file input_18.cif (mmCIF, C-alpha atoms and all ligand atoms)
data_start
loop_
_atom_site.label_atom_id
_atom_site.label_comp_id
_atom_site.auth_asym_id
_atom_site.auth_seq_id
_atom_site.Cartn_x
_atom_site.Cartn_y
_atom_site.Cartn_z
CA MET A 132 0.00 0.00 0.00
CA ALA A 133 1.38 3.35 -1.02
CA THR A 134 1.84 6.25 1.36
CA ILE A 135 -0.73 8.90 0.49
CA ILE A 136 0.61 12.40 -0.05
CA ASN A 137 -2.18 14.45 1.46
CA GLY A 138 -2.42 17.73 -0.43
CA LYS A 139 -5.08 19.10 1.88
CA GLU A 140 -2.97 18.66 5.00
CA LEU A 141 0.19 19.89 3.33
CA SER A 142 -1.71 22.91 2.04
CA ALA A 143 -2.93 23.76 5.52
CA THR A 144 0.66 23.68 6.82
CA ILE A 145 1.96 25.88 4.00
CA ARG A 146 -0.96 28.32 4.31
CA LYS A 147 -0.09 28.72 7.99
CA GLU A 148 3.50 29.52 7.01
CA ILE A 149 2.23 32.05 4.44
CA ALA A 150 -0.12 33.61 7.03
CA ASP A 151 2.83 34.06 9.44
CA ARG A 152 4.93 35.71 6.75
CA THR A 153 1.95 37.88 5.78
CA GLU A 154 1.70 39.17 9.36
CA GLU A 155 5.35 40.13 9.16
CA PHE A 156 4.78 41.83 5.77
CA ILE A 157 1.86 43.84 7.19
CA LYS A 158 3.97 44.94 10.18
CA GLN A 159 6.76 46.13 7.90
CA LYS A 160 4.79 47.62 4.99
CA GLY A 161 1.57 48.72 6.65
CA ARG A 162 -0.62 46.86 4.20
CA ALA A 163 -1.49 43.30 3.21
CA PRO A 164 -0.35 41.63 -0.03
CA GLY A 165 -3.14 42.04 -2.60
CA LEU A 166 -4.46 39.69 -5.27
CA ALA A 167 -6.90 40.71 -8.01
CA VAL A 168 -8.80 38.00 -9.85
CA ILE A 169 -10.70 38.87 -13.01
CA ILE A 170 -13.41 36.61 -14.33
CA VAL A 171 -15.18 37.24 -17.62
CA GLY A 172 -18.50 35.50 -18.21
CA GLU A 173 -20.53 32.95 -16.30
CA ASP A 174 -18.61 29.65 -16.58
CA PRO A 175 -19.73 27.75 -13.43
CA ALA A 176 -16.43 25.87 -12.96
CA SER A 177 -14.45 29.12 -13.26
CA LYS A 178 -16.74 30.73 -10.68
CA VAL A 179 -15.96 27.92 -8.20
CA TYR A 180 -12.21 28.32 -8.82
CA VAL A 181 -12.43 32.09 -8.29
CA ARG A 182 -14.41 31.64 -5.07
CA ASN A 183 -11.77 29.19 -3.77
CA LYS A 184 -8.99 31.68 -4.53
CA HIS A 185 -10.88 34.46 -2.74
CA LYS A 186 -11.40 32.20 0.30
CA ALA A 187 -7.73 31.23 0.34
CA CYS A 188 -6.77 34.94 0.34
CA ASP A 189 -8.95 35.49 3.42
CA GLU A 190 -7.36 32.51 5.13
CA VAL A 191 -3.79 33.81 4.76
CA GLY A 192 -4.66 37.45 5.44
CA PHE A 193 -4.37 38.95 1.95
CA TYR A 194 -6.42 41.76 0.49
CA SER A 195 -8.34 40.35 -2.46
CA GLN A 196 -10.43 41.83 -5.18
CA VAL A 197 -12.69 39.80 -7.46
CA ILE A 198 -13.64 41.62 -10.64
CA GLU A 199 -16.60 40.05 -12.42
CA LEU A 200 -17.06 41.22 -15.98
CA PRO A 201 -19.91 40.29 -18.33
CA GLU A 202 -19.43 37.82 -21.17
CA GLU A 203 -19.70 40.63 -23.77
CA THR A 204 -16.74 42.59 -22.32
CA THR A 205 -14.47 43.62 -25.19
CA GLU A 206 -10.78 42.76 -25.27
CA GLU A 207 -9.87 46.46 -24.99
CA GLU A 208 -12.09 46.86 -21.90
CA LEU A 209 -10.40 43.88 -20.27
CA LEU A 210 -6.90 45.09 -21.16
CA SER A 211 -7.73 48.49 -19.73
CA ARG A 212 -8.83 46.92 -16.40
CA ILE A 213 -5.55 45.00 -16.33
CA ARG A 214 -3.56 48.21 -16.93
CA GLU A 215 -5.36 49.83 -13.99
CA LEU A 216 -4.40 46.90 -11.79
CA ASN A 217 -0.81 47.03 -13.09
CA ALA A 218 -0.66 50.61 -11.79
CA SER A 219 -2.37 49.89 -8.46
CA GLU A 220 -0.15 50.08 -5.37
CA SER A 221 -2.36 47.76 -3.32
CA ILE A 222 -2.35 44.93 -5.89
CA ASP A 223 0.67 42.61 -6.09
CA GLY A 224 -0.82 39.75 -8.08
CA ILE A 225 -3.18 39.75 -11.06
CA LEU A 226 -4.89 36.65 -12.31
CA VAL A 227 -7.28 36.43 -15.22
CA GLN A 228 -9.34 33.27 -14.92
CA LEU A 229 -9.13 31.14 -18.08
CA PRO A 230 -10.77 30.17 -20.36
CA LEU A 231 -11.86 33.53 -21.73
CA PRO A 232 -14.77 34.10 -24.14
CA ARG A 233 -13.70 33.32 -27.71
CA HIS A 234 -13.66 36.95 -28.88
CA ILE A 235 -10.80 37.77 -26.46
CA CYS A 236 -7.22 36.80 -27.35
CA GLU A 237 -5.72 34.98 -24.36
CA GLN A 238 -2.15 35.78 -25.36
CA ASN A 239 -2.83 39.55 -25.54
CA VAL A 240 -4.30 39.36 -22.04
CA ILE A 241 -1.38 37.38 -20.63
CA GLU A 242 1.15 39.77 -22.17
CA THR A 243 -0.61 42.85 -20.79
CA ILE A 244 -0.20 41.74 -17.17
CA ASP A 245 2.84 43.32 -15.51
CA PRO A 246 5.33 40.38 -15.31
CA LYS A 247 6.06 41.33 -11.68
CA LYS A 248 2.36 40.78 -10.86
CA ASP A 249 1.93 37.70 -13.07
CA VAL A 250 1.21 35.19 -10.30
CA ASP A 251 0.01 32.54 -12.77
CA VAL A 252 3.47 32.78 -14.42
CA PHE A 253 2.13 32.74 -17.98
CA HIS A 254 3.84 35.91 -19.28
CA PRO A 255 6.58 35.05 -21.83
CA MET A 256 9.13 36.98 -19.75
CA ASN A 257 8.40 34.80 -16.72
CA VAL A 258 8.35 31.63 -18.82
CA GLY A 259 11.81 32.66 -20.10
CA LYS A 260 13.04 33.23 -16.56
CA LEU A 261 11.70 29.84 -15.54
CA THR A 262 13.48 28.15 -18.42
CA THR A 263 16.78 29.85 -17.64
CA GLY A 264 16.50 29.07 -13.94
CA ASN A 265 16.27 32.58 -12.52
CA HIS A 266 12.62 32.81 -11.59
CA ILE A 267 11.06 34.32 -8.49
CA LEU A 268 7.57 33.11 -9.35
CA THR A 269 6.91 29.46 -10.17
CA PRO A 270 3.85 28.16 -12.06
CA CYS A 271 1.32 27.15 -9.41
CA THR A 272 0.42 23.53 -10.22
CA PRO A 273 3.98 22.32 -10.92
CA ALA A 274 5.21 24.29 -7.89
CA GLY A 275 2.61 22.46 -5.80
CA VAL A 276 3.87 19.11 -7.07
CA MET A 277 7.47 20.05 -6.20
CA GLU A 278 6.42 21.01 -2.65
CA MET A 279 4.62 17.67 -2.30
CA LEU A 280 7.75 15.79 -3.36
CA ARG A 281 10.14 17.81 -1.19
CA ARG A 282 8.00 17.80 1.92
CA SER A 283 7.43 14.05 1.59
CA GLY A 284 11.20 13.53 1.49
CA ILE A 285 11.16 12.09 -2.03
CA GLU A 286 14.53 12.45 -3.71
CA ILE A 287 14.45 13.86 -7.24
CA LYS A 288 18.17 14.11 -7.95
CA GLY A 289 19.25 11.42 -10.42
CA LYS A 290 15.75 9.89 -10.55
CA LYS A 291 13.95 9.01 -13.73
CA CYS A 292 10.96 11.37 -13.94
CA VAL A 293 8.24 10.93 -16.53
CA VAL A 294 5.71 13.70 -17.15
CA VAL A 295 2.66 12.72 -19.18
CA GLY A 296 1.21 15.85 -20.79
CA ARG A 297 2.97 18.83 -22.39
CA SER A 298 0.61 21.76 -21.82
CA ASN A 299 2.01 25.21 -21.12
CA ILE A 300 0.18 25.26 -17.79
CA VAL A 301 1.25 21.90 -16.37
CA GLY A 302 3.37 19.49 -18.41
CA LYS A 303 6.10 21.79 -19.77
CA PRO A 304 6.80 23.78 -16.58
CA MET A 305 6.62 20.54 -14.58
CA ALA A 306 9.36 19.04 -16.74
CA ILE A 307 11.50 22.18 -16.31
CA LEU A 308 11.19 22.12 -12.51
CA LEU A 309 12.04 18.42 -12.28
CA LEU A 310 15.04 19.05 -14.50
CA GLU A 311 16.07 21.99 -12.31
CA ALA A 312 15.93 19.61 -9.33
CA HIS A 313 18.35 17.27 -11.19
CA GLY A 314 15.84 14.65 -12.30
CA THR A 315 16.31 12.86 -15.62
CA VAL A 316 13.14 13.89 -17.36
CA THR A 317 11.05 12.40 -20.16
CA VAL A 318 7.96 14.22 -21.41
CA CYS A 319 5.22 12.10 -23.00
CA HIS A 320 2.15 13.16 -24.97
CA SER A 321 -0.49 11.84 -27.33
CA LYS A 322 2.08 11.05 -30.05
CA THR A 323 4.38 9.08 -27.74
CA VAL A 324 4.86 5.67 -29.33
CA ASP A 325 5.01 3.38 -26.28
CA LEU A 326 3.61 5.23 -23.30
CA LYS A 327 3.47 2.13 -21.09
CA LYS A 328 7.18 1.44 -21.61
CA GLU A 329 8.08 5.05 -20.78
CA CYS A 330 5.90 5.08 -17.67
CA LEU A 331 7.29 1.76 -16.43
CA GLU A 332 10.73 3.37 -16.20
CA ALA A 333 9.54 6.21 -13.99
CA ASP A 334 10.71 6.57 -10.41
CA ILE A 335 8.49 9.65 -10.34
CA LEU A 336 5.47 9.70 -12.64
CA VAL A 337 3.45 12.90 -13.04
CA SER A 338 0.23 12.56 -14.99
CA ALA A 339 -1.43 15.67 -16.44
CA ILE A 340 -3.59 14.30 -19.23
CA GLY A 341 -7.23 14.88 -18.32
CA LYS A 342 -8.53 11.32 -18.88
CA PRO A 343 -10.06 9.34 -16.01
CA GLY A 344 -8.35 6.04 -15.16
CA PHE A 345 -5.87 6.38 -18.02
CA ILE A 346 -2.77 5.48 -16.00
CA THR A 347 -3.24 1.84 -15.07
CA ALA A 348 -1.37 -0.41 -12.63
CA ASP A 349 0.54 -2.20 -15.42
CA MET A 350 2.22 1.13 -16.29
CA ILE A 351 3.73 1.61 -12.82
CA LYS A 352 7.18 0.55 -11.67
CA PRO A 353 6.93 -1.01 -8.19
CA GLY A 354 7.95 1.56 -5.59
CA ALA A 355 7.37 4.55 -7.86
CA THR A 356 5.95 7.90 -6.76
CA VAL A 357 2.75 8.69 -8.66
CA ILE A 358 1.50 12.27 -8.82
CA ASP A 359 -1.95 12.71 -10.32
CA VAL A 360 -2.60 16.22 -11.60
CA GLY A 361 -5.73 15.28 -13.56
CA ILE A 362 -9.10 16.58 -12.46
CA ASN A 363 -11.85 14.72 -14.25
CA ARG A 364 -15.36 13.38 -13.77
CA ASN A 365 -15.86 9.63 -14.08
CA LYS A 366 -18.94 7.96 -15.60
CA GLU A 367 -20.81 8.37 -12.32
CA GLY A 368 -20.00 12.08 -12.29
CA LYS A 369 -17.55 11.72 -9.39
CA LEU A 370 -14.34 13.77 -9.28
CA CYS A 371 -11.29 11.66 -10.17
CA GLY A 372 -7.77 11.93 -11.52
CA ASP A 373 -5.96 10.31 -14.46
CA VAL A 374 -4.71 7.41 -12.37
CA ASP A 375 -6.56 4.16 -11.64
CA TYR A 376 -6.05 4.93 -7.98
CA ASP A 377 -7.32 1.75 -6.26
CA LYS A 378 -5.02 -0.55 -8.25
CA VAL A 379 -2.03 1.77 -8.60
CA GLU A 380 -1.80 2.46 -4.86
CA LYS A 381 -1.00 -1.25 -4.34
CA ILE A 382 2.15 -0.92 -6.47
CA ALA A 383 3.39 2.62 -5.91
CA ALA A 384 5.36 3.75 -2.86
CA TYR A 385 3.74 7.21 -2.82
CA ILE A 386 0.56 8.44 -4.44
CA THR A 387 -1.57 11.60 -4.50
CA PRO A 388 -5.37 11.29 -4.29
CA VAL A 389 -7.98 13.19 -6.30
CA PRO A 390 -9.62 15.14 -4.78
CA GLY A 391 -7.37 16.28 -1.93
CA GLY A 392 -4.05 16.00 -3.78
CA VAL A 393 -2.51 18.45 -6.21
CA GLY A 394 -5.68 20.60 -6.43
CA PRO A 395 -5.46 22.30 -3.03
CA MET A 396 -1.70 22.73 -3.49
CA THR A 397 -2.26 24.75 -6.67
CA VAL A 398 -4.31 27.40 -4.86
CA THR A 399 -1.80 27.45 -2.01
CA MET A 400 1.05 28.07 -4.45
CA LEU A 401 -0.96 30.96 -5.89
CA MET A 402 -0.97 32.45 -2.40
CA LYS A 403 2.76 31.88 -2.14
CA ASN A 404 3.37 33.59 -5.50
CA THR A 405 1.27 36.58 -4.41
CA LEU A 406 3.32 36.92 -1.23
CA LEU A 407 6.60 36.57 -3.16
CA ALA A 408 5.40 39.15 -5.71
CA ALA A 409 4.50 41.54 -2.87
CA GLU A 410 7.85 41.05 -1.14
CA ASN A 411 9.69 41.46 -4.43
CA ARG A 412 7.81 44.63 -5.45
CA THR A 413 8.37 46.34 -2.11
CA LYS A 414 11.92 45.34 -1.25
P1 LIG B 501 -4.31 19.86 -21.77
O1 LIG B 501 -5.52 19.28 -22.40
O2 LIG B 501 -3.84 21.20 -22.16
O3 LIG B 501 -3.09 18.84 -22.00
C1 LIG B 501 -3.26 17.47 -21.91
C2 LIG B 501 -1.98 16.78 -22.31
O4 LIG B 501 -2.19 15.38 -22.22
C3 LIG B 501 -1.54 17.10 -23.74
O5 LIG B 501 -0.18 17.38 -23.78
C4 LIG B 501 -1.87 15.81 -24.50
O6 LIG B 501 -0.97 15.51 -25.55
C5 LIG B 501 -1.73 14.76 -23.41
N1 LIG B 501 -2.51 13.60 -23.75
C6 LIG B 501 -3.81 13.54 -24.09
N2 LIG B 501 -4.17 12.27 -24.40
C7 LIG B 501 -3.06 11.52 -24.26
C8 LIG B 501 -2.78 10.15 -24.45
N3 LIG B 501 -3.72 9.30 -24.86
N4 LIG B 501 -1.52 9.73 -24.21
C9 LIG B 501 -0.56 10.58 -23.80
N5 LIG B 501 -0.77 11.90 -23.60
C10 LIG B 501 -2.00 12.36 -23.84
O7 LIG B 501 -4.57 19.77 -20.21
P2 LIG B 501 -3.88 20.51 -18.94
O8 LIG B 501 -2.43 20.27 -18.93
O9 LIG B 501 -4.40 21.88 -18.83
O10 LIG B 501 -4.58 19.67 -17.78
C11 LIG B 501 -4.37 18.27 -17.65
C12 LIG B 501 -5.23 17.75 -16.52
O11 LIG B 501 -4.82 18.37 -15.32
C13 LIG B 501 -6.73 18.06 -16.65
O12 LIG B 501 -7.47 17.01 -16.08
C14 LIG B 501 -6.90 19.32 -15.83
O13 LIG B 501 -8.21 19.46 -15.33
C15 LIG B 501 -5.91 19.04 -14.73
N6 LIG B 501 -5.40 20.24 -14.05
C16 LIG B 501 -5.33 20.19 -12.71
C17 LIG B 501 -4.82 21.23 -12.00
C18 LIG B 501 -4.74 21.09 -10.52
O14 LIG B 501 -4.65 22.10 -9.85
N7 LIG B 501 -4.71 19.87 -9.98
C19 LIG B 501 -4.39 22.46 -12.66
C20 LIG B 501 -4.43 22.40 -14.09
C21 LIG B 501 -4.93 21.31 -14.76
P3 LIG B 501 -0.85 16.42 -26.89
O15 LIG B 501 -0.06 17.62 -26.46
O16 LIG B 501 -0.09 15.56 -27.83
O17 LIG B 501 -2.23 16.75 -27.30
#
call {"tool": "encode", "arguments": {"input": "input_18.cif", "output": "structure tokens"}}
result
Amino acid sequence: MATIINGKELSATIRKEIADRTEEFIKQKGRAPGLAVIIVGEDPASKVYVRNKHKACDEVGFYSQVIELPEETTEEELLSRIRELNASESIDGILVQLPLPRHICEQNVIETIDPKKDVDVFHPMNVGKLTTGNHILTPCTPAGVMEMLRRSGIEIKGKKCVVVGRSNIVGKPMAILLLEAHGTVTVCHSKTVDLKKECLEADILVSAIGKPGFITADMIKPGATVIDVGINRNKEGKLCGDVDYDKVEKIAAYITPVPGGVGPMTVTMLMKNTLLAAENRTK
């Protein structure tokens, strides 16, 4: 039976650390770190994510602003709101909840956010800094995975790490961070010829595909660490990851559950980025 890496518990510990550092920040600067979240339209899942981010801000003592804009907001209107937030003294982090309505160009939005306030770490300047290893802010989901590995005492140096998925949000930055931590990294995707063979070599397997039950027990090396980033609904409508959890946990040494794994860590790392952005802007 694998040891479960409990993202909820770990998140609570890290949020407490962030809250302590926030108190110190407030003492020194006379204000709280501030996060602005913009949501355009009525997507129900996005609304839940935004609410969770707002709640997390309250928990760690941040100032937070949720800006809800109607679906028909034009790109120029949105960019102008972002420019206002770029100029605001009380805002250290700006996040625009994706996906955006189709008439708005995501890349224009990402590139309008001041890179110093880009807590999602999507701006090309921050992606460049990440790639060259001199980043202050780290993409939230992969950063959460790294914290889970480190705080569980799982060695990365010299280990064979396999990342399944190559999105800009998860797979690619995940591979960069594992590489930075001296893992030997393979990135797999839908065109990978023998996914099972690649996965079977992994000491650390990170799955970010978005398909329920896709990673099966016969793809796992005994004693491996299995990190499930996927958030999916199974046939019964229940939340689940990419990994066939019940069978894989009998083979792996460490495993993350869904829900209660990487998900809560992502929001916690957003809080950490906001604090780091605030400290960096005011130093
Ligand atoms: P994307 O859809 O952008 O990327 C999915 C990746 O999986 C692609 O690179 C794709 O390959 C690959 N893939 C799809 N099918 C296969 C296959 N049959 N074999 C191998 N690789 C395959 O998704 P995201 O990266 O945005 O998200 C992935 C999952 O993680 C989703 O379930 C999402 O909900 C979840 N997620 C969870 C977060 C959290 O906080 N826990 C945060 C963000 C995402 P190709 O590039 O070739 O198409």
call {"tool": "atom_distance", "arguments": {"input": "input_18.cif", "atom1": "CA of Asn363 (chain A)", "atom2": "atom C3 of ligand LIG 501 (chain B)"}}
result
14.2 Å
call {"tool": "residues_near_point", "arguments": {"input": "input_18.cif", "point": "(2.9, 12.3, -20.5)", "cutoff": "10 Å", "atoms": "only C-alpha atoms", "output": "list in words"}}
result
Val293, Val294, Val295, Gly296, Arg297, Ser298, Gly302, Thr317, Val318, Cys319, His320, Ser321, Lys322, Thr323, Leu326, Glu329, Cys330, Leu336, Val337, Ser338, Ala339, Ile340 and Ile346 of chain A
call {"tool": "closest_residue", "arguments": {"input": "input_18.cif", "among": "A:Pro201, A:Gly361, A:Pro270, A:Thr413", "to": "Gly161 (chain A)", "atoms": "all atoms listed in the file"}}
result
A:Thr413
call {"tool": "closest_residue", "arguments": {"input": "input_18.cif", "among": "A:Ile382, A:Leu406, A:Ile169, A:Val276", "to": "ligand LIG 501 (chain B)", "atoms": "all atoms listed in the file"}}
result
A:Val276
call {"tool": "residues_near_point", "arguments": {"input": "input_18.cif", "point": "(9.0, 37.9, -4.3)", "cutoff": "12 Å", "atoms": "only C-alpha atoms", "output": "PyMOL selection string"}}
result
chain A and resi 152+156+164+223-224+246-250+266-269+402-414
call {"tool": "atom_distance", "arguments": {"input": "input_18.cif", "atom1": "atom C12 of ligand LIG 501 (chain B)", "atom2": "CA of Ser142 (chain A)"}}
result
19.6 Å
call {"tool": "closest_residue", "arguments": {"input": "input_18.cif", "among": "A:His234, A:Lys184, A:Lys178, A:His313", "to": "ligand LIG 501 (chain B)", "atoms": "only C-alpha atoms and all ligand atoms"}}
result
A:Lys184
call {"tool": "closest_residue", "arguments": {"input": "input_18.cif", "among": "A:Asp251, A:Asp174, A:Glu155, A:Asp334", "to": "ligand LIG 501 (chain B)", "atoms": "only C-alpha atoms and all ligand atoms"}}
result
A:Asp251
call {"tool": "atom_distance", "arguments": {"input": "input_18.cif", "atom1": "atom O8 of ligand LIG 501 (chain B)", "atom2": "CA of Phe253 (chain A)"}}
result
13.3 Å
call {"tool": "closest_residue", "arguments": {"input": "input_18.cif", "among": "A:Lys369, A:Arg162, A:Arg182, A:Lys303", "to": "ligand LIG 501 (chain B)", "atoms": "only C-alpha atoms and all ligand atoms"}}
result
A:Lys303
call {"tool": "residues_around", "arguments": {"input": "input_18.cif", "residues": "Gly165 (chain A)", "least_positions_apart": "2", "cutoff": "7 Å", "atoms": "all atoms listed in the file", "output": "list of chain:residue names"}}
result
A:Ala163, A:Ala167, A:Phe193, A:Tyr194, A:Ser195, A:Ser221, A:Ile222, A:Asp223, A:Gly224
call {"tool": "closest_residue", "arguments": {"input": "input_18.cif", "among": "A:Gly368, A:Gly138, A:Pro353, A:Gly289", "to": "ligand LIG 501 (chain B)", "atoms": "only C-alpha atoms and all ligand atoms"}}
result
A:Gly138
call {"tool": "residues_around", "arguments": {"input": "input_18.cif", "residues": "Leu229 (chain A)", "least_positions_apart": "3", "cutoff": "12 Å", "atoms": "all atoms listed in the file", "output": "ChimeraX atom specification"}}
result
/A:168-174,176-178,180-181,226,232-233,235-238,240-241,251,253,300
call {"tool": "residues_around", "arguments": {"input": "input_18.cif", "residues": "Val316 (chain A)", "least_positions_apart": "3", "cutoff": "8 Å", "atoms": "only C-alpha atoms", "output": "VMD selection string"}}
result
chain A and resid 291 to 294 306 309 to 310
call {"tool": "residues_around", "arguments": {"input": "input_18.cif", "residues": "Thr397 (chain A)", "least_positions_apart": "2", "cutoff": "7 Å", "atoms": "all atoms listed in the file", "output": "number ranges by chain"}}
result
A: 271-272, 275, 393-395, 399-401
call {"tool": "residues_around", "arguments": {"input": "input_18.cif", "residues": "region 347-351 of chain A", "least_positions_apart": "2", "cutoff": "8 Å", "atoms": "only C-alpha atoms", "output": "number ranges by chain"}}
result
A: 327-328, 330-333, 344-345, 353, 355, 374-375, 378-379, 382-383
call {"tool": "build_atoms", "arguments": {"input": "input_18.cif", "residues": "region 397-405 of chain A", "atoms": "all heavy atoms", "output": "PDB file, keeping the file's coordinate frame"}}
result
ATOM      1  N   THR A 397      -2.329  23.730  -5.608  1.00  0.00           N
ATOM      2  CA  THR A 397      -2.260  24.750  -6.670  1.00  0.00           C
ATOM      3  C   THR A 397      -2.692  26.116  -6.121  1.00  0.00           C
ATOM      4  O   THR A 397      -2.024  27.128  -6.338  1.00  0.00           O
ATOM      5  CB  THR A 397      -3.156  24.330  -7.854  1.00  0.00           C
ATOM      6  OG1 THR A 397      -2.642  23.115  -8.387  1.00  0.00           O
ATOM      7  CG2 THR A 397      -3.171  25.385  -8.946  1.00  0.00           C
ATOM      8  N   VAL A 398      -3.810  26.128  -5.408  1.00  0.00           N
ATOM      9  CA  VAL A 398      -4.310  27.400  -4.860  1.00  0.00           C
ATOM     10  C   VAL A 398      -3.327  27.930  -3.798  1.00  0.00           C
ATOM     11  O   VAL A 398      -3.058  29.136  -3.724  1.00  0.00           O
ATOM     12  CB  VAL A 398      -5.728  27.224  -4.261  1.00  0.00           C
ATOM     13  CG1 VAL A 398      -6.253  28.546  -3.741  1.00  0.00           C
ATOM     14  CG2 VAL A 398      -6.677  26.664  -5.305  1.00  0.00           C
ATOM     15  N   THR A 399      -2.764  27.026  -3.039  1.00  0.00           N
ATOM     16  CA  THR A 399      -1.800  27.450  -2.010  1.00  0.00           C
ATOM     17  C   THR A 399      -0.556  28.076  -2.653  1.00  0.00           C
ATOM     18  O   THR A 399      -0.032  29.082  -2.175  1.00  0.00           O
ATOM     19  CB  THR A 399      -1.409  26.226  -1.134  1.00  0.00           C
ATOM     20  OG1 THR A 399      -2.611  25.754  -0.524  1.00  0.00           O
ATOM     21  CG2 THR A 399      -0.412  26.586  -0.071  1.00  0.00           C
ATOM     22  N   MET A 400      -0.123  27.512  -3.761  1.00  0.00           N
ATOM     23  CA  MET A 400       1.050  28.070  -4.450  1.00  0.00           C
ATOM     24  C   MET A 400       0.728  29.429  -5.081  1.00  0.00           C
ATOM     25  O   MET A 400       1.602  30.271  -5.224  1.00  0.00           O
ATOM     26  CB  MET A 400       1.566  27.096  -5.513  1.00  0.00           C
ATOM     27  CG  MET A 400       2.183  25.846  -4.949  1.00  0.00           C
ATOM     28  SD  MET A 400       3.596  26.195  -3.855  1.00  0.00           S
ATOM     29  CE  MET A 400       2.914  25.723  -2.318  1.00  0.00           C
ATOM     30  N   LEU A 401      -0.547  29.634  -5.410  1.00  0.00           N
ATOM     31  CA  LEU A 401      -0.960  30.960  -5.890  1.00  0.00           C
ATOM     32  C   LEU A 401      -0.803  31.983  -4.763  1.00  0.00           C
ATOM     33  O   LEU A 401      -0.363  33.119  -4.988  1.00  0.00           O
ATOM     34  CB  LEU A 401      -2.418  30.895  -6.374  1.00  0.00           C
ATOM     35  CG  LEU A 401      -3.040  32.224  -6.784  1.00  0.00           C
ATOM     36  CD1 LEU A 401      -2.367  32.769  -8.036  1.00  0.00           C
ATOM     37  CD2 LEU A 401      -4.540  32.054  -7.015  1.00  0.00           C
ATOM     38  N   MET A 402      -1.144  31.565  -3.557  1.00  0.00           N
ATOM     39  CA  MET A 402      -0.970  32.450  -2.400  1.00  0.00           C
ATOM     40  C   MET A 402       0.516  32.745  -2.193  1.00  0.00           C
ATOM     41  O   MET A 402       0.912  33.876  -1.935  1.00  0.00           O
ATOM     42  CB  MET A 402      -1.556  31.803  -1.125  1.00  0.00           C
ATOM     43  CG  MET A 402      -3.033  31.498  -1.189  1.00  0.00           C
ATOM     44  SD  MET A 402      -4.056  32.963  -1.453  1.00  0.00           S
ATOM     45  CE  MET A 402      -4.678  32.675  -3.106  1.00  0.00           C
ATOM     46  N   LYS A 403       1.322  31.698  -2.324  1.00  0.00           N
ATOM     47  CA  LYS A 403       2.760  31.880  -2.140  1.00  0.00           C
ATOM     48  C   LYS A 403       3.323  32.850  -3.182  1.00  0.00           C
ATOM     49  O   LYS A 403       4.110  33.744  -2.861  1.00  0.00           O
ATOM     50  CB  LYS A 403       3.472  30.523  -2.222  1.00  0.00           C
ATOM     51  CG  LYS A 403       4.933  30.633  -1.886  1.00  0.00           C
ATOM     52  CD  LYS A 403       5.575  29.298  -1.652  1.00  0.00           C
ATOM     53  CE  LYS A 403       7.069  29.479  -1.481  1.00  0.00           C
ATOM     54  NZ  LYS A 403       7.784  28.220  -1.597  1.00  0.00           N
ATOM     55  N   ASN A 404       2.894  32.696  -4.437  1.00  0.00           N
ATOM     56  CA  ASN A 404       3.370  33.590  -5.500  1.00  0.00           C
ATOM     57  C   ASN A 404       2.955  35.038  -5.214  1.00  0.00           C
ATOM     58  O   ASN A 404       3.724  35.970  -5.463  1.00  0.00           O
ATOM     59  CB  ASN A 404       2.807  33.167  -6.858  1.00  0.00           C
ATOM     60  CG  ASN A 404       3.695  32.141  -7.541  1.00  0.00           C
ATOM     61  OD1 ASN A 404       4.814  31.880  -7.106  1.00  0.00           O
ATOM     62  ND2 ASN A 404       3.194  31.554  -8.603  1.00  0.00           N
ATOM     63  N   THR A 405       1.739  35.220  -4.701  1.00  0.00           N
ATOM     64  CA  THR A 405       1.270  36.580  -4.410  1.00  0.00           C
ATOM     65  C   THR A 405       2.140  37.216  -3.318  1.00  0.00           C
ATOM     66  O   THR A 405       2.550  38.376  -3.413  1.00  0.00           O
ATOM     67  CB  THR A 405      -0.212  36.555  -3.990  1.00  0.00           C
ATOM     68  OG1 THR A 405      -0.959  35.919  -5.024  1.00  0.00           O
ATOM     69  CG2 THR A 405      -0.759  37.954  -3.751  1.00  0.00           C
TER      70      THR A 405
END
